[in-house]
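K.L.:
Quick one, upload_15.cif (mmCIF, C-alpha atoms):
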```
data_model
loop_
_atom_site.label_atom_id
_atom_site.label_comp_id
_atom_site.auth_asym_id
_atom_site.auth_seq_id
_atom_site.Cartn_x
_atom_site.Cartn_y
_atom_site.Cartn_z
CA MET A 1 106.83 104.60 123.39
CA TYR A 2 105.62 103.14 120.11
CA ASP A 3 107.97 100.86 118.21
CA TYR A 4 106.20 100.16 114.91
CA ILE A 5 102.92 100.46 113.06
CA LYS A 6 101.48 97.61 111.05
CA GLY A 7 98.58 98.10 108.69
CA LEU A 8 97.23 98.84 105.26
CA LEU A 9 99.35 101.11 103.06
CA VAL A 10 96.67 103.53 101.87
CA GLU A 11 98.89 106.01 100.04
CA THR A 12 102.57 106.50 99.40
CA THR A 13 104.81 109.11 97.81
CA PRO A 14 108.60 109.28 97.83
CA THR A 15 108.41 111.38 101.02
CA GLN A 16 105.26 110.20 102.85
CA ALA A 17 103.22 107.10 103.60
CA ILE A 18 99.73 106.86 105.02
CA VAL A 19 99.18 103.66 106.97
CA GLU A 20 95.73 102.69 108.23
CA ALA A 21 95.76 100.78 111.50
CA GLY A 22 92.75 100.30 113.75
CA GLY A 23 90.62 102.58 111.59
CA ILE A 24 93.06 105.49 111.90
CA GLY A 25 95.22 106.80 109.05
CA TYR A 26 98.74 107.65 110.22
CA LYS A 27 100.77 110.05 108.06
CA LEU A 28 104.45 109.14 108.26
CA GLU A 29 107.39 111.04 106.82
CA ILE A 30 109.64 108.57 104.99
CA SER A 31 112.94 108.53 103.14
CA LEU A 32 113.37 107.49 99.54
CA GLN A 33 115.02 104.36 100.90
CA THR A 34 111.82 103.33 102.72
CA PHE A 35 109.67 104.36 99.74
CA THR A 36 111.65 101.99 97.52
CA ASP A 37 111.11 99.15 99.99
CA ILE A 38 107.36 99.62 100.49
CA GLN A 39 105.93 101.19 97.34
CA ASN A 40 104.48 97.95 95.90
CA LEU A 41 103.15 96.55 99.18
CA LYS A 42 99.55 96.50 100.36
CA GLU A 43 100.33 95.91 104.01
CA VAL A 44 103.37 97.29 105.77
CA LYS A 45 105.18 97.25 109.06
CA LEU A 46 107.07 100.48 109.59
CA TYR A 47 109.34 101.22 112.54
CA ILE A 48 108.45 104.64 113.82
CA TYR A 49 110.08 107.61 115.44
CA TYR A 50 107.91 110.30 117.02
CA TYR A 51 109.60 113.69 116.75
CA VAL A 52 108.36 116.52 118.96
CA LYS A 53 109.88 119.98 119.24
CA GLU A 54 108.06 123.09 120.44
CA ASP A 55 104.97 123.25 118.18
CA ILE A 56 106.07 120.48 115.78
CA ALA A 57 105.00 116.87 116.16
CA MET A 58 105.73 114.42 113.32
CA TRP A 59 105.89 110.69 112.79
CA TYR A 60 108.78 109.25 110.79
CA GLY A 61 108.50 105.74 109.38
CA PHE A 62 111.28 103.34 108.40
CA ALA A 63 111.21 100.02 106.57
CA SER A 64 113.98 98.66 108.79
CA LYS A 65 115.20 99.05 112.35
CA GLU A 66 118.66 99.82 110.94
CA GLU A 67 117.42 102.85 109.05
CA ARG A 68 115.59 104.12 112.15
CA PHE A 69 118.76 103.55 114.18
CA MET A 70 120.78 105.66 111.73
CA PHE A 71 118.08 108.36 111.76
CA THR A 72 118.21 108.61 115.55
CA LEU A 73 122.01 108.80 115.47
CA LEU A 74 121.91 111.53 112.81
CA ILE A 75 119.40 113.78 114.58
CA ASN A 76 121.54 113.67 117.71
CA VAL A 77 124.41 115.33 115.83
CA ASN A 78 124.30 119.08 116.50
CA GLY A 79 123.12 120.87 113.36
CA ILE A 80 121.26 117.90 111.85
CA GLY A 81 117.49 117.99 112.19
CA PRO A 82 114.98 115.36 111.09
CA ASN A 83 114.56 116.75 107.57
CA THR A 84 118.32 116.79 107.00
CA ALA A 85 118.57 113.27 108.42
CA ARG A 86 115.83 112.15 106.02
CA MET A 87 117.67 113.84 103.14
CA ILE A 88 120.85 111.94 104.06
CA LEU A 89 118.93 108.66 104.20
CA SER A 90 117.31 109.48 100.85
CA SER A 91 120.67 110.16 99.22
CA LEU A 92 122.68 107.29 100.73
CA SER A 93 121.59 103.81 101.69
CA THR A 94 122.14 102.83 105.29
CA ASP A 95 125.09 100.67 104.22
CA GLU A 96 126.60 103.48 102.14
CA LEU A 97 126.24 105.94 105.01
CA LYS A 98 127.79 103.55 107.52
CA ALA A 99 130.68 102.81 105.14
CA ALA A 100 131.26 106.54 104.57
CA ILE A 101 131.32 107.21 108.32
CA VAL A 102 133.63 104.30 109.16
CA SER A 103 136.03 105.12 106.30
CA ASP A 104 136.08 108.90 106.99
CA ASP A 105 134.64 109.59 103.51
CA VAL A 106 133.83 113.27 104.08
CA SER A 107 133.25 113.95 100.37
CA LYS A 108 130.50 111.31 100.11
CA ILE A 109 128.60 112.79 103.05
CA LYS A 110 129.28 116.36 101.91
CA ALA A 111 127.69 115.50 98.54
CA VAL A 112 124.26 115.37 100.24
CA LYS A 113 122.24 118.58 99.80
CA GLY A 114 122.49 120.79 102.87
CA ILE A 115 125.58 119.12 104.33
CA GLY A 116 128.70 121.27 104.42
CA LEU A 117 132.28 120.29 105.19
CA LYS A 118 132.09 121.04 108.92
CA THR A 119 128.82 119.19 109.40
CA ALA A 120 130.15 116.17 107.47
CA GLN A 121 133.31 116.12 109.60
CA LYS A 122 131.33 116.50 112.83
CA LEU A 123 128.96 113.71 111.78
CA ILE A 124 131.88 111.34 111.19
CA ILE A 125 133.63 112.24 114.44
CA GLU A 126 130.47 111.86 116.55
CA LEU A 127 129.12 108.71 114.93
CA LYS A 128 132.17 106.65 113.96
CA ASP A 129 132.35 104.64 117.20
CA LYS A 130 128.58 104.12 117.37
CA VAL A 131 128.33 103.01 113.73
CA SER A 132 131.30 100.65 114.02
CA LYS A 133 129.16 98.68 116.46
CA GLY A 134 126.29 98.13 113.95
CA ALA A 135 123.51 99.07 111.36
CA ASP A 136 122.47 98.44 107.63
CA SER A 137 120.19 99.55 104.57
CA SER A 138 119.55 100.38 100.83
CA THR A 139 120.54 102.75 98.02
CA LEU A 140 119.12 106.14 97.00
CA PRO A 141 118.81 108.22 93.81
CA LEU A 142 118.16 111.74 92.45
CA GLY A 143 115.99 114.04 90.27
CA PRO A 144 112.57 114.71 88.58
CA ALA A 145 111.52 115.84 85.05
CA ALA A 146 108.68 117.15 83.01
CA LYS A 147 105.40 116.03 81.58
CA SER A 148 105.12 112.39 82.54
CA PRO A 149 103.36 111.00 85.61
CA VAL A 150 106.67 109.55 86.83
CA GLY A 151 108.49 112.83 86.29
CA GLU A 152 105.75 114.83 88.02
CA GLU A 153 105.75 112.53 91.05
CA ALA A 154 109.54 112.76 91.28
CA LEU A 155 109.33 116.55 90.91
CA GLY A 156 106.83 116.79 93.75
CA ALA A 157 109.09 114.71 95.98
CA LEU A 158 112.15 116.85 95.23
CA ILE A 159 110.24 120.05 95.92
CA MET A 160 109.07 118.61 99.27
CA LEU A 161 112.71 117.80 100.05
CA GLY A 162 113.55 121.48 99.54
CA PHE A 163 114.89 121.62 95.99
CA LYS A 164 113.91 124.46 93.64
CA LYS A 165 111.23 123.56 91.07
CA GLN A 166 113.11 124.98 88.08
CA ASP A 167 116.37 123.18 88.89
CA SER A 168 114.53 119.95 89.61
CA GLU A 169 112.54 120.07 86.35
CA LYS A 170 115.72 120.58 84.35
CA VAL A 171 117.51 117.64 85.99
CA ILE A 172 114.45 115.38 85.68
CA GLY A 173 114.16 116.23 82.01
CA GLU A 174 117.81 115.26 81.46
CA ILE A 175 117.35 112.00 83.36
CA LEU A 176 114.22 111.04 81.42
CA ARG A 177 115.90 111.82 78.10
CA GLN A 178 118.75 109.49 79.03
CA ASN A 179 116.51 106.82 80.56
CA PRO A 180 112.84 107.16 79.46
CA SER A 181 111.78 104.06 81.40
CA ALA A 182 113.23 105.22 84.75
CA SER A 183 111.04 104.67 87.80
CA VAL A 184 110.16 107.45 90.25
CA GLU A 185 112.76 106.27 92.77
CA GLN A 186 115.45 105.92 90.08
CA ILE A 187 114.74 109.46 88.91
CA ILE A 188 114.87 110.84 92.45
CA LYS A 189 118.12 109.02 93.24
CA LEU A 190 119.79 110.31 90.09
CA ALA A 191 118.43 113.82 90.66
CA LEU A 192 119.72 113.93 94.25
CA LYS A 193 123.21 113.27 92.90
CA ARG A 194 122.96 116.09 90.36
CA LEU A 195 121.19 118.81 92.33
#
```
Go through the file and emit its structure as structure tokens.
P.N.:
Amino acid sequence: MYDYIKGLLVETTPTQAIVEAGGIGYKLEISLQTFTDIQNLKEVKLYIYYYVKEDIAMWYGFASKEERFMFTLLINVNGIGPNTARMILSSLSTDELKAAIVSDDVSKIKAVKGIGLKTAQKLIIELKDKVSKGADSSTLPLGPAAKSPVGEEALGALIMLGFKKQDSEKVIGEILRQNPSASVEQIIKLALKRL
């Protein structure tokens, strides 16, 4: 199977990256964590995971092997699909997630959108031993706002992650009022914590 793709970063959003390699443009689903790591690069090397289920086939890209490792662990927990795993990795850095699992911090994992108490507990029980043996990453944020290019990009990312437009716009507006110079990833990280 494929391990990574290396090429020109043609386009990137907080949820997707298009990498051109060998004259072919590959669309990869990414987490906010990976977006933060690659957004200012011209050439990238992304570790990939090819997800196939029934009529769905998608490529997921990760800036580090550790993040991909955590993604594969997460999607093997019953009840956690690739989009939920990406949401977790967009809300918590790899290090934060590992620390939460090892320390039985159910509330930190439960704070991620779409993760309930039972799923958080199951995730910790199933992954604690595996995580204790190794992995690492970065930190994620939350929320988009209104009529600025940064706010609009953050809003689009939050909508793609499954948040309601109206709720997202409100939170982004609040974030931009408090921090007008916030970057797209800062807005998304802060919004994820508030939504």
K.L.:
Running the PyMOL selection byres ((chain A and resi 106) around 8) on this model by hand, what would come out? Give it as a tab-separated table (two decimals) with C-alpha atoms, in the frame of the given file.
P.N.:
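Saved as part_2.tsv:
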```
chain	number	residue	atom	x	y	z
A	100	ALA	CA	131.26	106.54	104.57
A	101	ILE	CA	131.32	107.21	108.32
A	104	ASP	CA	136.08	108.90	106.99
A	105	ASP	CA	134.64	109.59	103.51
A	107	SER	CA	133.25	113.95	100.37
A	108	LYS	CA	130.50	111.31	100.11
A	109	ILE	CA	128.60	112.79	103.05
A	110	LYS	CA	129.28	116.36	101.91
A	117	LEU	CA	132.28	120.29	105.19
A	120	ALA	CA	130.15	116.17	107.47
A	121	GLN	CA	133.31	116.12	109.60
A	124	ILE	CA	131.88	111.34	111.19
```
K.L.:
What is the CA of Leu161 (chain A) to CA of Tyr49 (chain A) distance in Å?
P.N.:
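If I compute the distance from CA of Leu161 (chain A) to CA of Tyr49 (chain A), I get 18.6 Å.
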K.L.:
If the PyMOL selection byres ((chain A and resi 176-183) around 9) is run on the structure shown, which residues does it catch, given as an MDAnalysis selection string?
P.N.:
chainID A and resid 144:146 150:151 154 171:175 184:188
K.L.:
Select, from A:Leu190, A:Leu123, A:Leu89, A:Leu32, the residue with the minimum atom-to-atom distance to Arg68 (chain A), counting all atoms listed in the file.
P.N.:
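Among the listed residues, the smallest separation from Arg68 (chain A) belongs to A:Leu89.
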K.L.:
When you look at Met160 (chain A) with a cut-off of 12 Å (counting all atoms listed in the file), what residues show up, excluding the ones that are within fewer than 2 positions of it in the same chain? I need them as an mmCIF file with C-alpha atoms, keeping the file's coordinate frame.
P.N.:
```cif
data_model
loop_
_atom_site.group_PDB
_atom_site.id
_atom_site.type_symbol
_atom_site.label_atom_id
_atom_site.label_comp_id
_atom_site.auth_asym_id
_atom_site.auth_seq_id
_atom_site.Cartn_x
_atom_site.Cartn_y
_atom_site.Cartn_z
ATOM 1 C CA THR A 13 104.810 109.110 97.810
ATOM 2 C CA PRO A 14 108.600 109.280 97.830
ATOM 3 C CA THR A 15 108.410 111.380 101.020
ATOM 4 C CA GLN A 16 105.260 110.200 102.850
ATOM 5 C CA GLU A 29 107.390 111.040 106.820
ATOM 6 C CA ILE A 30 109.640 108.570 104.990
ATOM 7 C CA SER A 31 112.940 108.530 103.140
ATOM 8 C CA LEU A 32 113.370 107.490 99.540
ATOM 9 C CA ASN A 83 114.560 116.750 107.570
ATOM 10 C CA ARG A 86 115.830 112.150 106.020
ATOM 11 C CA MET A 87 117.670 113.840 103.140
ATOM 12 C CA PRO A 144 112.570 114.710 88.580
ATOM 13 C CA GLU A 153 105.750 112.530 91.050
ATOM 14 C CA ALA A 154 109.540 112.760 91.280
ATOM 15 C CA LEU A 155 109.330 116.550 90.910
ATOM 16 C CA GLY A 156 106.830 116.790 93.750
ATOM 17 C CA ALA A 157 109.090 114.710 95.980
ATOM 18 C CA LEU A 158 112.150 116.850 95.230
ATOM 19 C CA GLY A 162 113.550 121.480 99.540
ATOM 20 C CA PHE A 163 114.890 121.620 95.990
ATOM 21 C CA LYS A 164 113.910 124.460 93.640
ATOM 22 C CA LYS A 165 111.230 123.560 91.070
ATOM 23 C CA SER A 168 114.530 119.950 89.610
ATOM 24 C CA ILE A 188 114.870 110.840 92.450
#
```
K.L.:
Under the rule that all atoms listed in the file are counted, which of A:Ile5, A:Ile75, A:Leu28, A:Leu192 is the nearest residue to Met58 (chain A)?
P.N.:
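Under the stated criterion, the closest residue is A:Leu28.
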K.L.:
Put a box with edges along x, y and z around all the listed atoms of region 27-42 of chain A, pad it by 6 Å on each side, then give me its centre and sizes in Å, one decimal, as JSON.
P.N.:
```
{"center_x": 107.3, "center_y": 103.8, "center_z": 102.1, "size_x": 27.5, "size_y": 26.5, "size_z": 24.4}
```
K.L.:
For region 90-126 of chain A, supply N, CA and C atoms and format the output as a compact mmCIF listing (two decimals), in the frame of the given file.
P.N.:
```txt
# COMPACT_ATOMS: atom_id res chain seq x y z
N SER A 90 117.89 109.56 102.19
CA SER A 90 117.31 109.48 100.85
C SER A 90 118.41 109.53 99.80
N SER A 91 119.57 110.02 100.17
CA SER A 91 120.67 110.16 99.22
C SER A 91 121.65 109.00 99.32
N LEU A 92 121.76 108.41 100.50
CA LEU A 92 122.68 107.29 100.73
C LEU A 92 121.92 106.16 101.41
N SER A 93 122.20 104.94 100.98
CA SER A 93 121.59 103.81 101.69
C SER A 93 122.22 103.73 103.07
N THR A 94 121.59 102.98 103.95
CA THR A 94 122.14 102.83 105.29
C THR A 94 123.55 102.27 105.22
N ASP A 95 123.75 101.27 104.36
CA ASP A 95 125.09 100.67 104.22
C ASP A 95 126.10 101.69 103.70
N GLU A 96 125.69 102.47 102.70
CA GLU A 96 126.60 103.48 102.14
C GLU A 96 126.97 104.52 103.19
N LEU A 97 125.98 104.94 103.97
CA LEU A 97 126.24 105.94 105.01
C LEU A 97 127.18 105.38 106.07
N LYS A 98 126.92 104.17 106.52
CA LYS A 98 127.79 103.55 107.52
C LYS A 98 129.22 103.42 107.00
N ALA A 99 129.34 102.97 105.74
CA ALA A 99 130.68 102.81 105.14
C ALA A 99 131.40 104.15 105.05
N ALA A 100 130.66 105.20 104.68
CA ALA A 100 131.26 106.54 104.57
C ALA A 100 131.74 107.04 105.94
N ILE A 101 130.95 106.78 106.97
CA ILE A 101 131.32 107.21 108.32
C ILE A 101 132.55 106.45 108.80
N VAL A 102 132.53 105.15 108.67
CA VAL A 102 133.63 104.30 109.16
C VAL A 102 134.94 104.59 108.42
N SER A 103 134.82 104.89 107.10
CA SER A 103 136.03 105.12 106.30
C SER A 103 136.42 106.60 106.20
N ASP A 104 135.78 107.45 107.00
CA ASP A 104 136.08 108.90 106.99
C ASP A 104 135.90 109.52 105.61
N ASP A 105 134.88 109.08 104.86
CA ASP A 105 134.64 109.59 103.51
C ASP A 105 133.81 110.87 103.58
N VAL A 106 134.49 111.97 103.91
CA VAL A 106 133.83 113.27 104.08
C VAL A 106 133.16 113.70 102.78
N SER A 107 133.80 113.48 101.64
CA SER A 107 133.25 113.95 100.37
C SER A 107 131.92 113.28 100.04
N LYS A 108 131.77 112.01 100.39
CA LYS A 108 130.50 111.31 100.11
C LYS A 108 129.37 111.92 100.93
N ILE A 109 129.63 112.21 102.19
CA ILE A 109 128.60 112.79 103.05
C ILE A 109 128.34 114.24 102.66
N LYS A 110 129.40 114.95 102.30
CA LYS A 110 129.28 116.36 101.91
C LYS A 110 128.48 116.51 100.61
N ALA A 111 128.42 115.46 99.81
CA ALA A 111 127.69 115.50 98.54
C ALA A 111 126.17 115.58 98.75
N VAL A 112 125.70 115.29 99.95
CA VAL A 112 124.26 115.37 100.24
C VAL A 112 123.87 116.84 100.36
N LYS A 113 122.73 117.19 99.75
CA LYS A 113 122.24 118.58 99.80
C LYS A 113 122.09 119.04 101.24
N GLY A 114 122.63 120.22 101.55
CA GLY A 114 122.49 120.79 102.87
C GLY A 114 123.58 120.40 103.86
N ILE A 115 124.50 119.55 103.43
CA ILE A 115 125.58 119.12 104.33
C ILE A 115 126.88 119.78 103.87
N GLY A 116 127.44 120.61 104.73
CA GLY A 116 128.70 121.27 104.42
C GLY A 116 129.88 120.47 104.99
N LEU A 117 131.06 120.97 104.75
CA LEU A 117 132.28 120.29 105.19
C LEU A 117 132.31 120.09 106.70
N LYS A 118 132.02 121.15 107.45
CA LYS A 118 132.09 121.04 108.92
C LYS A 118 131.07 120.06 109.47
N THR A 119 129.87 120.11 108.94
CA THR A 119 128.82 119.19 109.40
C THR A 119 129.20 117.74 109.07
N ALA A 120 129.74 117.53 107.87
CA ALA A 120 130.15 116.17 107.47
C ALA A 120 131.26 115.66 108.40
N GLN A 121 132.23 116.52 108.70
CA GLN A 121 133.31 116.12 109.60
C GLN A 121 132.80 115.83 111.01
N LYS A 122 131.91 116.69 111.50
CA LYS A 122 131.33 116.50 112.83
C LYS A 122 130.54 115.20 112.90
N LEU A 123 129.76 114.93 111.85
CA LEU A 123 128.96 113.71 111.78
C LEU A 123 129.86 112.48 111.89
N ILE A 124 130.95 112.48 111.15
CA ILE A 124 131.88 111.34 111.19
C ILE A 124 132.51 111.19 112.57
N ILE A 125 132.98 112.29 113.12
CA ILE A 125 133.63 112.24 114.44
C ILE A 125 132.67 111.71 115.51
N GLU A 126 131.43 112.24 115.51
CA GLU A 126 130.47 111.86 116.55
C GLU A 126 129.90 110.46 116.39
```
